[in-house]
Amino acid sequence: MTARPRTALSGERLDVFCPSDGKAFASIAASGAEDVDRAAAAAARAFEGPWRKVSALERGRMLTRLSALVKKHAEELAALESRDTGKPARQGRADAAVTERYYEFYGGAADKLMGDQIPFLDGFTALTLREPHGVVAGIIPWNYPLQIGARVLGAALAMGNTLVLKPAEDASLTTIRIAELALEAGIPEGVVNVVTGLGATAGAALSRHGQVDYVTFTGSPMTGTAIQQAAAVNNRGVTMELGGKSPQIVFADADLVKALPVIVNAIIQNGGQTCSAGSRVLIEKKIYQPVAEALAHRFAQLTAGPHVADLDLGPMVNRRQAERVAAMIAAAKEAGIPILAEGKIAPDAPSGGYYVAPALFGSVDPMAAIAQEEVFGPVLSLLPFDDEDDAIRIANSTEFGLVAGVWTADGGRQHRVAKAVRAGQVWVNSYGAGGGVELPFGGFKKSGHGREKGLEALYDMSATKTIVFNHG
Ligand code: NAI
Ligand code: MG
């Protein structure tokens with residue numbers, strides 16, 4: 001078992017498509033349960049081998065070297081990510097830069113998480129160690145494979161785990177490349193393993209595997225439920241990051257010059273295929289009309305096109321996703337929700353690509369499907385509100401709770417709203433869809449549980465061991 005399984009035991013393969021033109025340009029191994037067995041066994045062997053004795057300092061240095069290699073190969077990784085996912089070239093470059101930063105951060109953090117010494121009975125000394133789980137399975141989605149792979153790999157290895165990564169069938173190429181770079185960085189064979197293949201086969205086999213000690217997943221709530229049920233067979237711990245319907249709350253005293261470009265970017269970045277996309281904008285009624293007009297003006301100019309053209313947004317990741325988003329736009333129109341503006345698809349965009357024009361809906365009822373369900377596309381809903389209480393009620397009215405933005409100059413209100421909103425991350429007069437590797441990230445409610453990113457992720461990626469000495 002190598003860190004880069006090029007072939008499945010069955011010999012089966014899956015085509016790799018570029019969403020910009022819908023054409024296959026490579027293929028990956030379609031791994032089955034027997035390939036997952038090999039990968040999990042390799043990770044388990046590596047965990048019991050010399051890896052256990054590698055110091056935290058040395059693990060950190062390996063990750064730091066991986067960071068340097070990501071920097072060295074940034075252009076290549078960025079181009080590969082863009083081609084595989086259809087994301088605009090500059091987004092691919094931004095992802096490569098954040099990935100470099102993740103490995104830098106976790107490289108530096110590896111030897112800085114301390115245990116405790118606990119005051120206990122006379123004659124005893126009690127202390128805690130942070131121990132690795134063992135084999136971590138990371139099942140990651142197609143929207144930001146470089147970044148999400150890095151936050152899993154960085155935190156897992158910093159704490160001394162070994163890893164089996166299962167990238168999404170729609171975007172596996174950069175994960176395979178990172179596994180190669182991990183070897184080059186001196187991370188021992190078997191510590192980072194990649195299995196490519198379908199979720200229903202490779203992903204399902206991995207999440208119920210007896211040699212997997214902990215599972216971390218980013219993706220849809222439905223798949224999250226399936227993975228938790230599979231992991232429950234072995235009573236394994238899980239971290240679940242399951243998307244959102246994140247609100248941006250704009251009060252009448254907000255600095256709109258600052259707010260509006262951030263609000264547009266938070267839904268257009270990566271074509272809206274971002275777990276933390278700001279997909280609902282709650283606007284105080286007093287300023288609803290001018291804000292809606294300004295956003296409509298901007299939305300009408302937005303253009304989707306192939307990744308190489310580097311326009312406002314690229315295509316959706318696959319045909320199913322494009323059809324799903326288009327159907328949700330059509331259903332909202334059908335339901336009579338006013339459409340304030342629609343963007344464009346570049347006239348020279350290849351006809352086989354999976355393009356969807358951005359759509360802006362106004363005066364949306366907070367309970368409407370378009371305001372409740374994760375679209376995962378360039379679709380923004382504007383929701384008017386009366387006052388602070390009304391804004392908080394609407395913000396909290398979905399099943400999700402991942403991120404929120406609060407735009408106001410009033411300091412008291414900033415604190416009140418930030419506390420009242422049920423979201424794992426709240427941004428005041430700013431909004432970060434992705435990035436911020438230092439900042440703990442994760443959900444309340446249906447958005448999941450556990451935290452990734454920052455030092456906080458290191459707690460999820462380890463378990464406390466308490467040791468008590470009776471020295472009399
Ligand atoms: P998905 O959640 O099914 O796929 C994500 C990952 O899970 C992929 O690696 C996939 O191979 C794997 N997977 C799928 N079924 C599995 C199973 N039974 N056991 C283990 N692993 C499994 O997401 P999908 O179908 O690609 O997209 C559907 C919707 O999910 C999107 O429209 C979007 O709303 C949401 N989504 C949310 C993401 C987020 O970042 N929160 C990322 C991707 C999708
Ligand atoms: Mg692809």
# chains A, B, ... in the order shown; residues from 1 in each chain; ligands from 1
call {"tool": "select_by_dssp", "arguments": {"residues": "range 302-367 of chain A", "states": "alpha helix (DSSP H)", "output": "PDB file with N, CA, C and O atoms, in the first residue's frame"}}
result
ATOM      1  N   ARG A 319     -23.010  18.160 -13.548  1.00  0.00           N
ATOM      2  CA  ARG A 319     -24.315  18.414 -14.183  1.00  0.00           C
ATOM      3  C   ARG A 319     -25.445  18.324 -13.157  1.00  0.00           C
ATOM      4  O   ARG A 319     -26.361  19.134 -13.149  1.00  0.00           O
ATOM      5  N   ARG A 320     -25.334  17.366 -12.247  1.00  0.00           N
ATOM      6  CA  ARG A 320     -26.389  17.180 -11.236  1.00  0.00           C
ATOM      7  C   ARG A 320     -26.535  18.438 -10.379  1.00  0.00           C
ATOM      8  O   ARG A 320     -27.645  18.904 -10.094  1.00  0.00           O
ATOM      9  N   GLN A 321     -25.389  19.012  -9.982  1.00  0.00           N
ATOM     10  CA  GLN A 321     -25.418  20.210  -9.140  1.00  0.00           C
ATOM     11  C   GLN A 321     -26.013  21.397  -9.919  1.00  0.00           C
ATOM     12  O   GLN A 321     -26.812  22.167  -9.387  1.00  0.00           O
ATOM     13  N   ALA A 322     -25.622  21.532 -11.198  1.00  0.00           N
ATOM     14  CA  ALA A 322     -26.159  22.629 -12.022  1.00  0.00           C
ATOM     15  C   ALA A 322     -27.671  22.469 -12.175  1.00  0.00           C
ATOM     16  O   ALA A 322     -28.427  23.448 -12.067  1.00  0.00           O
ATOM     17  N   GLU A 323     -28.116  21.230 -12.379  1.00  0.00           N
ATOM     18  CA  GLU A 323     -29.559  20.998 -12.549  1.00  0.00           C
ATOM     19  C   GLU A 323     -30.309  21.249 -11.246  1.00  0.00           C
ATOM     20  O   GLU A 323     -31.411  21.793 -11.243  1.00  0.00           O
ATOM     21  N   ARG A 324     -29.674  20.884 -10.145  1.00  0.00           N
ATOM     22  CA  ARG A 324     -30.294  21.071  -8.832  1.00  0.00           C
ATOM     23  C   ARG A 324     -30.486  22.575  -8.553  1.00  0.00           C
ATOM     24  O   ARG A 324     -31.559  23.007  -8.128  1.00  0.00           O
ATOM     25  N   VAL A 325     -29.434  23.360  -8.818  1.00  0.00           N
ATOM     26  CA  VAL A 325     -29.507  24.803  -8.568  1.00  0.00           C
ATOM     27  C   VAL A 325     -30.540  25.434  -9.504  1.00  0.00           C
ATOM     28  O   VAL A 325     -31.379  26.235  -9.072  1.00  0.00           O
ATOM     29  N   ALA A 326     -30.497  25.052 -10.781  1.00  0.00           N
ATOM     30  CA  ALA A 326     -31.447  25.615 -11.754  1.00  0.00           C
ATOM     31  C   ALA A 326     -32.883  25.279 -11.347  1.00  0.00           C
ATOM     32  O   ALA A 326     -33.788  26.118 -11.459  1.00  0.00           O
ATOM     33  N   ALA A 327     -33.103  24.071 -10.838  1.00  0.00           N
ATOM     34  CA  ALA A 327     -34.456  23.663 -10.426  1.00  0.00           C
ATOM     35  C   ALA A 327     -34.914  24.480  -9.222  1.00  0.00           C
ATOM     36  O   ALA A 327     -36.090  24.856  -9.123  1.00  0.00           O
ATOM     37  N   MET A 328     -33.987  24.800  -8.300  1.00  0.00           N
ATOM     38  CA  MET A 328     -34.372  25.585  -7.127  1.00  0.00           C
ATOM     39  C   MET A 328     -34.705  27.027  -7.532  1.00  0.00           C
ATOM     40  O   MET A 328     -35.623  27.638  -6.982  1.00  0.00           O
ATOM     41  N   ILE A 329     -33.963  27.565  -8.509  1.00  0.00           N
ATOM     42  CA  ILE A 329     -34.267  28.914  -9.020  1.00  0.00           C
ATOM     43  C   ILE A 329     -35.652  28.895  -9.686  1.00  0.00           C
ATOM     44  O   ILE A 329     -36.490  29.770  -9.426  1.00  0.00           O
ATOM     45  N   ALA A 330     -35.887  27.877 -10.507  1.00  0.00           N
ATOM     46  CA  ALA A 330     -37.173  27.784 -11.217  1.00  0.00           C
ATOM     47  C   ALA A 330     -38.327  27.657 -10.223  1.00  0.00           C
ATOM     48  O   ALA A 330     -39.377  28.286 -10.388  1.00  0.00           O
ATOM     49  N   ALA A 331     -38.128  26.862  -9.171  1.00  0.00           N
ATOM     50  CA  ALA A 331     -39.201  26.650  -8.186  1.00  0.00           C
ATOM     51  C   ALA A 331     -39.508  27.954  -7.440  1.00  0.00           C
ATOM     52  O   ALA A 331     -40.677  28.249  -7.156  1.00  0.00           O
ATOM     53  N   ALA A 332     -38.473  28.734  -7.135  1.00  0.00           N
ATOM     54  CA  ALA A 332     -38.694  30.002  -6.429  1.00  0.00           C
ATOM     55  C   ALA A 332     -39.461  30.980  -7.324  1.00  0.00           C
ATOM     56  O   ALA A 332     -40.364  31.690  -6.870  1.00  0.00           O
ATOM     57  N   LYS A 333     -39.103  31.004  -8.614  1.00  0.00           N
ATOM     58  CA  LYS A 333     -39.831  31.862  -9.559  1.00  0.00           C
ATOM     59  C   LYS A 333     -41.291  31.404  -9.640  1.00  0.00           C
ATOM     60  O   LYS A 333     -42.219  32.211  -9.590  1.00  0.00           O
ATOM     61  N   GLU A 334     -41.452  30.104  -9.753  1.00  0.00           N
ATOM     62  CA  GLU A 334     -42.777  29.485  -9.847  1.00  0.00           C
ATOM     63  C   GLU A 334     -43.633  29.844  -8.631  1.00  0.00           C
ATOM     64  O   GLU A 334     -44.836  30.081  -8.743  1.00  0.00           O
TER      65      GLU A 334
END
call {"tool": "residues_near_ligand", "arguments": {"ligand": "ligand 2", "cutoff": "12 Å", "atoms": "only C-alpha atoms and all ligand atoms", "output": "MDAnalysis selection string"}}
result
chainID A and resid 14:28 80:87 141:145 167:174 315:319 353:354
call {"tool": "residues_near_ligand", "arguments": {"ligand": "ligand 1", "cutoff": "7 Å", "atoms": "only C-alpha atoms and all ligand atoms", "output": "ChimeraX atom specification"}}
result
/A:139-143,166-169,197-200,203-204,207,218-224,226-227,241-244,274-275,321,374-376
call {"tool": "residues_around", "arguments": {"residues": "Leu183 in chain A", "least_positions_apart": "5", "cutoff": "9 Å", "atoms": "only C-alpha atoms", "output": "JSON list (two decimals) with C-alpha atoms, in the first residue's frame"}}
result
[["chain", "number", "residue", "atom", "x", "y", "z"],
["A", 3, "ALA", "CA", 0.24, 6.74, -0.14],
["A", 66, "LEU", "CA", 4.79, 20.26, 3.36],
["A", 178, "ILE", "CA", -0.77, 16.38, -1.80],
["A", 188, "PRO", "CA", 6.56, 8.34, 6.44],
["A", 189, "GLU", "CA", 4.89, 5.92, 4.05],
["A", 192, "VAL", "CA", -1.19, 9.63, 4.76]]
call {"tool": "select_by_dssp", "arguments": {"residues": "range 117-328 of chain A", "states": "strand (DSSP E or B)", "output": "ChimeraX atom specification"}}
result
/A:117-118,124-132,135-139,162-166,192-194,214-218,237-241,246-250,278-284,303-304,313
call {"tool": "atom_distance", "arguments": {"atom1": "CA of Ala30 in chain A", "atom2": "CA of Arg177 in chain A"}}
result
17.0 Å
call {"tool": "residues_around", "arguments": {"residues": "range 383-394 of chain A", "least_positions_apart": "3", "cutoff": "6 Å", "atoms": "only C-alpha atoms", "output": "NGL selection string"}}
result
:A and (282-285 or 363-364 or 397)
call {"tool": "write_last_selection", "arguments": {"atoms": "all heavy atoms", "output": "short mmCIF file (atom, residue, chain, number, x, y, z; two decimals), in the first residue's frame"}}
result
data_model
loop_
_atom_site.label_atom_id
_atom_site.label_comp_id
_atom_site.auth_asym_id
_atom_site.auth_seq_id
_atom_site.Cartn_x
_atom_site.Cartn_y
_atom_site.Cartn_z
N LEU A 282 -30.39 39.72 5.43
CA LEU A 282 -31.50 40.30 6.18
C LEU A 282 -31.26 41.81 6.22
O LEU A 282 -30.18 42.26 6.67
CB LEU A 282 -31.52 39.73 7.60
CG LEU A 282 -32.12 38.33 7.79
CD1 LEU A 282 -31.58 37.30 6.83
CD2 LEU A 282 -31.92 37.86 9.24
N ILE A 283 -32.23 42.59 5.75
CA ILE A 283 -32.01 44.03 5.59
C ILE A 283 -33.09 44.79 6.37
O ILE A 283 -34.30 44.53 6.20
CB ILE A 283 -32.08 44.42 4.08
CG1 ILE A 283 -31.12 43.55 3.27
CG2 ILE A 283 -31.78 45.91 3.89
CD1 ILE A 283 -31.35 43.61 1.76
N GLU A 284 -32.64 45.75 7.19
CA GLU A 284 -33.60 46.55 7.95
C GLU A 284 -34.50 47.30 6.96
O GLU A 284 -34.02 47.87 5.97
CB GLU A 284 -32.86 47.53 8.88
CG GLU A 284 -33.80 48.19 9.87
CD GLU A 284 -33.06 48.90 11.01
OE1 GLU A 284 -31.81 48.80 11.11
OE2 GLU A 284 -33.75 49.57 11.80
N LYS A 285 -35.79 47.29 7.23
CA LYS A 285 -36.77 47.80 6.25
C LYS A 285 -36.46 49.21 5.77
O LYS A 285 -36.63 49.51 4.59
CB LYS A 285 -38.19 47.72 6.84
CG LYS A 285 -38.82 46.35 6.62
CD LYS A 285 -40.27 46.28 7.03
CE LYS A 285 -40.76 44.84 6.81
NZ LYS A 285 -41.82 44.45 7.73
N SER A 363 -37.67 40.34 -1.26
CA SER A 363 -38.86 40.20 -0.40
C SER A 363 -39.18 38.74 -0.13
O SER A 363 -40.34 38.31 -0.23
CB SER A 363 -40.07 40.87 -1.06
OG SER A 363 -39.76 42.21 -1.38
N VAL A 364 -38.16 37.97 0.22
CA VAL A 364 -38.34 36.53 0.40
C VAL A 364 -38.91 36.25 1.79
O VAL A 364 -38.41 36.78 2.79
CB VAL A 364 -37.00 35.78 0.21
CG1 VAL A 364 -37.19 34.28 0.39
CG2 VAL A 364 -36.40 36.08 -1.16
N SER A 397 -34.09 31.20 12.12
CA SER A 397 -35.31 30.47 11.73
C SER A 397 -35.04 29.29 10.79
O SER A 397 -35.98 28.66 10.32
CB SER A 397 -36.30 31.43 11.07
OG SER A 397 -35.79 31.82 9.80
#
call {"tool": "residues_around", "arguments": {"residues": "Ala97 in chain A", "least_positions_apart": "3", "cutoff": "10 Å", "atoms": "only C-alpha atoms", "output": "list of chain:residue names"}}
result
A:Ser67, A:Val70, A:Lys71, A:Ala74, A:Glu75, A:Leu77, A:Ala78, A:Gln91, A:Gly92, A:Arg93, A:Ala94, A:Glu100, A:Arg101, A:Tyr102, A:Leu146, A:Gln147, A:Gly435
call {"tool": "write_last_selection", "arguments": {"atoms": "all heavy atoms", "output": "CSV table (one decimal), in the first residue's frame"}}
result
chain,number,residue,atom,x,y,z
A,67,SER,N,4.2,22.5,3.9
A,67,SER,CA,3.7,23.9,3.6
A,67,SER,C,4.7,24.5,2.5
A,67,SER,O,4.2,25.1,1.5
A,67,SER,CB,3.7,24.8,4.8
A,67,SER,OG,3.5,26.1,4.5
A,70,VAL,N,3.9,23.0,-0.8
A,70,VAL,CA,2.7,23.6,-1.4
A,70,VAL,C,3.0,24.9,-2.0
A,70,VAL,O,2.5,25.2,-3.1
A,70,VAL,CB,1.6,23.7,-0.3
A,70,VAL,CG1,0.4,24.5,-0.9
A,70,VAL,CG2,1.1,22.3,0.1
A,71,LYS,N,3.8,25.7,-1.3
A,71,LYS,CA,4.2,27.0,-1.9
A,71,LYS,C,4.9,26.9,-3.2
A,71,LYS,O,4.7,27.5,-4.2
A,71,LYS,CB,5.0,27.8,-0.9
A,71,LYS,CG,5.4,29.2,-1.3
A,71,LYS,CD,6.1,29.9,-0.2
A,71,LYS,CE,6.3,31.4,-0.7
A,71,LYS,NZ,6.6,32.3,0.4
A,74,ALA,N,2.6,25.8,-5.9
A,74,ALA,CA,1.3,26.5,-5.8
A,74,ALA,C,0.6,26.7,-7.2
A,74,ALA,O,-0.6,26.4,-7.3
A,74,ALA,CB,1.5,27.9,-5.1
A,75,GLU,N,1.3,27.1,-8.2
A,75,GLU,CA,0.7,27.3,-9.5
A,75,GLU,C,0.1,26.0,-10.1
A,75,GLU,O,-1.0,26.0,-10.6
A,75,GLU,CB,1.7,27.9,-10.5
A,75,GLU,CG,1.8,29.4,-10.4
A,75,GLU,CD,0.5,30.1,-10.7
A,75,GLU,OE1,-0.2,29.7,-11.6
A,75,GLU,OE2,0.1,31.0,-9.9
A,77,LEU,N,-0.8,23.3,-8.3
A,77,LEU,CA,-1.9,22.9,-7.5
A,77,LEU,C,-3.1,23.7,-7.8
A,77,LEU,O,-4.3,23.2,-8.0
A,77,LEU,CB,-1.6,23.0,-6.0
A,77,LEU,CG,-0.6,21.9,-5.5
A,77,LEU,CD1,0.0,22.3,-4.2
A,77,LEU,CD2,-1.2,20.5,-5.5
A,78,ALA,N,-2.9,25.0,-8.0
A,78,ALA,CA,-4.0,25.9,-8.2
A,78,ALA,C,-4.7,25.6,-9.6
A,78,ALA,O,-5.9,25.5,-9.7
A,78,ALA,CB,-3.5,27.4,-8.2
A,91,GLN,N,-9.4,31.9,-7.7
A,91,GLN,CA,-9.8,31.2,-6.6
A,91,GLN,C,-9.0,29.9,-6.3
A,91,GLN,O,-8.6,29.6,-5.2
A,91,GLN,CB,-11.3,30.7,-6.8
A,91,GLN,CG,-11.9,30.0,-5.5
A,91,GLN,CD,-12.0,31.0,-4.3
A,91,GLN,OE1,-12.4,32.1,-4.4
A,91,GLN,NE2,-11.6,30.4,-3.2
A,92,GLY,N,-8.5,29.3,-7.4
A,92,GLY,CA,-7.6,28.2,-7.3
A,92,GLY,C,-6.3,28.7,-6.6
A,92,GLY,O,-5.8,28.0,-5.7
A,93,ARG,N,-5.8,29.8,-7.0
A,93,ARG,CA,-4.6,30.4,-6.4
A,93,ARG,C,-4.8,30.7,-4.9
A,93,ARG,O,-4.0,30.5,-4.0
A,93,ARG,CB,-4.1,31.6,-7.1
A,93,ARG,CG,-3.4,31.2,-8.5
A,93,ARG,CD,-2.6,32.3,-9.0
A,93,ARG,NE,-3.4,33.4,-9.6
A,93,ARG,CZ,-3.9,33.4,-10.8
A,93,ARG,NH1,-3.5,32.4,-11.7
A,93,ARG,NH2,-4.7,34.3,-11.3
A,94,ALA,N,-6.0,31.3,-4.6
A,94,ALA,CA,-6.3,31.6,-3.2
A,94,ALA,C,-6.3,30.3,-2.4
A,94,ALA,O,-5.8,30.3,-1.2
A,94,ALA,CB,-7.6,32.4,-3.1
A,100,GLU,N,-1.3,26.3,1.9
A,100,GLU,CA,0.1,26.5,2.4
A,100,GLU,C,0.0,27.0,3.9
A,100,GLU,O,0.8,26.5,4.8
A,100,GLU,CB,0.8,27.6,1.6
A,100,GLU,CG,2.1,28.0,2.0
A,100,GLU,CD,2.6,29.3,1.4
A,100,GLU,OE1,2.1,29.7,0.3
A,100,GLU,OE2,3.4,30.0,2.0
A,101,ARG,N,-0.9,27.9,4.2
A,101,ARG,CA,-1.0,28.5,5.5
A,101,ARG,C,-1.5,27.5,6.5
A,101,ARG,O,-1.1,27.5,7.7
A,101,ARG,CB,-2.0,29.7,5.3
A,101,ARG,CG,-2.3,30.4,6.6
A,101,ARG,CD,-1.2,31.3,7.1
A,101,ARG,NE,-1.6,31.8,8.4
A,101,ARG,CZ,-1.0,31.4,9.5
A,101,ARG,NH1,0.0,30.6,9.5
A,101,ARG,NH2,-1.5,31.9,10.7
A,102,TYR,N,-2.4,26.6,6.1
A,102,TYR,CA,-2.9,25.5,7.0
A,102,TYR,C,-1.7,24.7,7.5
A,102,TYR,O,-1.5,24.4,8.7
A,102,TYR,CB,-3.9,24.6,6.4
A,102,TYR,CG,-5.3,25.0,6.6
A,102,TYR,CD1,-6.1,25.3,5.5
A,102,TYR,CD2,-5.9,25.0,7.8
A,102,TYR,CE1,-7.5,25.6,5.6
A,102,TYR,CE2,-7.2,25.4,8.0
A,102,TYR,CZ,-8.0,25.7,6.9
A,102,TYR,OH,-9.3,26.1,7.1
A,146,LEU,N,-8.4,21.1,-1.7
A,146,LEU,CA,-7.1,21.5,-1.1
A,146,LEU,C,-7.2,22.0,0.3
A,146,LEU,O,-6.5,21.5,1.2
A,146,LEU,CB,-6.4,22.6,-2.0
A,146,LEU,CG,-5.6,22.2,-3.2
A,146,LEU,CD1,-5.1,23.4,-4.0
A,146,LEU,CD2,-4.4,21.3,-2.8
A,147,GLN,N,-8.1,23.0,0.5
A,147,GLN,CA,-8.2,23.6,1.8
A,147,GLN,C,-8.8,22.7,2.8
A,147,GLN,O,-8.2,22.6,3.9
A,147,GLN,CB,-9.2,24.8,1.7
A,147,GLN,CG,-8.7,26.0,1.1
A,147,GLN,CD,-9.6,27.2,1.5
A,147,GLN,OE1,-10.0,27.3,2.6
A,147,GLN,NE2,-9.8,28.1,0.6
A,435,GLY,N,-11.1,30.5,4.5
A,435,GLY,CA,-10.0,31.2,5.0
A,435,GLY,C,-9.9,31.2,6.5
A,435,GLY,O,-10.6,30.5,7.2
call {"tool": "residues_around", "arguments": {"residues": "range 124-127 of chain A", "least_positions_apart": "5", "cutoff": "9 Å", "atoms": "only C-alpha atoms", "output": "list of chain:residue names"}}
result
A:Gly115, A:Asp116, A:Gln117, A:Ile118, A:Pro119, A:Lys465, A:Thr466, A:Ile467, A:Val468, A:Phe469, A:Asn470, A:His471, A:Gly472
